[in-house]
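Trainee: Contents are CSV, C-alpha atoms and all ligand atoms; file name query.csv:
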```csv
chain,number,residue,atom,x,y,z
L,1,MET,CA,30.6,180.8,87.4
L,2,SER,CA,28.4,183.6,88.6
L,3,ARG,CA,27.0,184.7,91.9
L,4,LEU,CA,23.9,186.5,93.2
L,5,VAL,CA,24.8,189.6,95.2
L,6,GLU,CA,22.5,192.0,96.9
L,7,HIS,CA,23.2,195.7,96.8
L,8,ASP,CA,21.1,198.4,98.3
L,9,ALA,CA,22.8,201.6,97.0
L,10,GLN,CA,20.6,203.7,94.7
L,11,GLY,CA,23.3,206.0,93.3
L,12,PRO,CA,26.9,206.3,92.3
L,13,ARG,CA,29.9,206.5,94.6
L,14,LYS,CA,32.2,209.2,93.2
L,15,LEU,CA,35.9,208.4,93.7
L,16,THR,CA,38.3,211.0,95.0
L,17,GLU,CA,42.0,211.3,95.4
L,18,ASP,CA,41.6,210.1,99.0
L,19,ASP,CA,40.5,206.7,97.6
L,20,ILE,CA,43.9,206.0,96.1
L,21,ASP,CA,45.9,203.4,98.0
L,22,PRO,CA,48.9,205.4,99.3
L,23,GLU,CA,51.2,202.4,99.1
L,24,LYS,CA,50.2,201.0,95.7
L,25,GLY,CA,49.2,204.3,94.1
L,26,ASP,CA,46.0,202.8,92.6
L,27,VAL,CA,42.4,202.1,93.2
L,28,ALA,CA,41.1,198.6,93.0
L,29,ILE,CA,37.4,198.3,92.3
L,30,CYS,CA,35.6,195.2,93.4
L,31,GLN,CA,34.1,193.2,90.5
L,32,CYS,CA,33.1,190.1,92.5
L,33,GLY,CA,30.6,191.9,94.6
L,34,LEU,CA,31.8,190.4,97.9
L,35,ALA,CA,34.0,193.1,99.4
L,36,ASP,CA,33.1,194.4,102.8
L,37,SER,CA,34.6,197.7,101.7
L,38,TYR,CA,32.5,197.7,98.4
L,39,PRO,CA,33.1,199.3,95.9
L,40,PHE,CA,36.7,198.7,96.8
L,41,CYS,CA,38.4,195.4,96.5
L,42,ASP,CA,39.5,194.0,99.9
L,43,GLY,CA,40.7,190.6,98.8
L,44,SER,CA,37.3,188.9,99.4
L,45,HIS,CA,37.3,187.7,95.8
L,46,ARG,CA,39.6,184.9,97.0
L,47,ARG,CA,36.4,183.2,98.3
L,48,THR,CA,35.4,182.6,94.6
L,49,GLU,CA,38.6,180.9,93.5
L,50,ASP,CA,37.2,177.4,93.8
L,51,GLU,CA,33.8,178.1,92.2
L,52,ASP,CA,32.5,175.6,89.6
L,53,ALA,CA,32.5,177.4,86.2
L,54,ASP,CA,28.9,176.2,85.5
L,55,ALA,CA,27.4,177.0,88.9
L,56,VAL,CA,25.6,180.1,90.3
L,57,TYR,CA,26.3,180.9,93.9
L,58,ASP,CA,24.4,182.8,96.7
L,59,TYR,CA,26.9,184.2,99.1
L,60,ASP,CA,26.3,185.4,102.7
L,61,VAL,CA,28.6,188.4,102.7
L,62,ASP,CA,28.6,188.5,106.5
L,63,ASP,CA,30.2,185.1,107.0
L,64,ALA,CA,32.0,182.5,105.0
L,65,ASP,CA,28.8,180.7,103.9
L,66,ARG,CA,27.9,180.2,100.2
L,67,ARG,CA,25.3,178.0,98.6
L,68,PRO,CA,24.9,176.8,95.1
L,69,VAL,CA,21.7,178.1,93.4
L,70,ALA,CA,19.6,175.3,91.8
L,71,GLU,CA,17.2,177.5,89.9
L,72,ILE,CA,16.4,181.2,89.6
L,73,VAL,CA,12.6,181.9,89.4
L,74,HIS,CA,11.5,185.4,88.8
L,75,ALA,CA,8.3,186.6,90.5
L,76,ASP,CA,6.5,187.2,87.2
L,77,GLU,CA,7.3,183.6,86.1
L,78,GLU,CA,5.5,181.8,89.0
L,101,LIG,S1,37.2,191.8,93.3
L,101,LIG,FE1,35.8,191.8,94.9
L,101,LIG,S2,37.0,191.8,96.7
L,101,LIG,FE2,38.4,191.8,95.1
```
Please express the file's structure as structure tokens.
Ligand code: FES

Mentor:
Amino acid sequence: MSRLVEHDAQGPRKLTEDDIDPEKGDVAICQCGLADSYPFCDGSHRRTEDEDADAVYDYDVDDADRRPVAEIVHADEE
């Protein structure tokens, strides 16, 4: 499985001690790309649990919608 995720940041987000979860004592970085609190994991990765291993998905981060992607065509391949 994989997914298409749009990001608009153009630089790094430096972590500080304030980013440490006071209850857990750690920092969980989102690797699925779906967190509302990106770059921090907020549990949104649970939306990916039933993804088909061979599929690519396009997620609407603002709601629960996701669509399978049939084909990726790059602009310079048209
Ligand atoms: S890994 Fe992305 S929200 Fe948890």

Trainee: Could you list, as a ChimeraX atom specification, every residue within 12 Å of Asp18 of chain L, counting all atoms listed in the file and ignoring same-chain residues fewer than 5 positions away?

Mentor: /L:25-27

Trainee: For segment 5-14 of chain L, please output as a list of chain:residue names all residues within 9 Å (counting only C-alpha atoms; exclusion window: fewer than 3 positions along the same chain).

Mentor: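 The filter keeps L:Cys32, L:Gly33, L:Leu34, L:Pro39, L:Tyr57, L:Asp58, L:Tyr59, L:Asp60, L:Val61.
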
Trainee: Please write the residues from the selection above to a file, keeping C-alpha atoms, as an mmCIF file, in the frame of the given file.

Mentor:
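This is the output file again29.cif:
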```
data_model
loop_
_atom_site.group_PDB
_atom_site.id
_atom_site.type_symbol
_atom_site.label_atom_id
_atom_site.label_comp_id
_atom_site.auth_asym_id
_atom_site.auth_seq_id
_atom_site.Cartn_x
_atom_site.Cartn_y
_atom_site.Cartn_z
ATOM 1 C CA CYS L 32 33.100 190.100 92.500
ATOM 2 C CA GLY L 33 30.600 191.900 94.600
ATOM 3 C CA LEU L 34 31.800 190.400 97.900
ATOM 4 C CA PRO L 39 33.100 199.300 95.900
ATOM 5 C CA TYR L 57 26.300 180.900 93.900
ATOM 6 C CA ASP L 58 24.400 182.800 96.700
ATOM 7 C CA TYR L 59 26.900 184.200 99.100
ATOM 8 C CA ASP L 60 26.300 185.400 102.700
ATOM 9 C CA VAL L 61 28.600 188.400 102.700
#
```

Trainee: Residues at most 9 Å from ligand LIG 101 (chain L), using only C-alpha atoms and all ligand atoms? Could they come as a VMD selection string?

Mentor: chain L and resid 28 to 47

Trainee: Which distance in Å separates atom CA of Met1 of chain L and atom CA of Glu51 of chain L, to one decimal?

Mentor: 6.4 Å

Trainee: I'd like the interatomic distance between atom CA of Asp76 of chain L and atom CA of Arg3 of chain L, to a tenth of an Å.

Mentor: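 Separating atom CA of Asp76 of chain L from atom CA of Arg3 of chain L is a distance of 21.2 Å.
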
Trainee: Identify which of the residues L:Arg66, L:His74, L:Pro22, L:Ser2 lies closest to Asp52 of chain L, counting all atoms listed in the file when measuring atom-to-atom distances.

Mentor: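 Ranking L:Arg66, L:His74, L:Pro22, L:Ser2 by distance to Asp52 of chain L, first place goes to L:Ser2.
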
Trainee: Quote the spacing between atom CA of Ile72 of chain L and atom CA of Leu4 of chain L in Å to one decimal place.

Mentor: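 Straight-line distance from atom CA of Ile72 of chain L to atom CA of Leu4 of chain L works out to 9.9 Å.
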